[in-house]
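Asks: Provided herewith is a single structure, encoded as structure tokens, for subsequent inquiry.
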Amino acid sequence: MLKNISILVLVSGVLVACGGGGAVNGPAALGADFARAFAQDRNDEAISLANVTLPMFPTREPFNP
């Protein structure tokens, strides 16, 4: 039980650090390609990485636990 709570807190912290306030905003802040990969079923065919881009935000404060 404690392990599950710890994992939940850690994942929530990472999502908030991604610039969002929840499960939808955090991964979506990394771009449409990342959000599409994050939302797909784990048994789907893998996404080709040939044209995948991640946005760069040089003015955003970096995540530093």
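Residues in the structure tokens are named by chain (A, B, ... in the order shown) and by number from 1 within that chain; ligands are numbered from 1 in the order shown.
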I'd like the neighbourhood of Met56 (chain A) as a list of chain:residue names, where a residue qualifies if any of its atoms comes within 12 Å (using only C-alpha atoms), though same-chain residues fewer than 5 positions away should be ignored.

Replies: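 After dropping sequence-adjacent residues, the list is A:Ala29, A:Leu30, A:Gly31, A:Glu61, A:Pro62.
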
Asks: Taking C-alpha atoms for each residue, export the selection above as a compact mmCIF listing (two decimals), in the first residue's frame.

Replies:
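File produced: selection.txt:
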```
# COMPACT_ATOMS: atom_id res chain seq x y z
CA ALA A 29 2.86 20.13 -22.58
CA LEU A 30 5.56 17.98 -24.21
CA GLY A 31 3.87 18.22 -27.59
CA GLU A 61 12.32 26.38 -15.21
CA PRO A 62 13.90 22.89 -15.50
```

Asks: What is the distance between CA of Ala39 (chain A) and CA of Gly13 (chain A), in Å to one decimal?

Replies: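 Atom-to-atom, CA of Ala39 (chain A) to CA of Gly13 (chain A), that is 19.0 Å.
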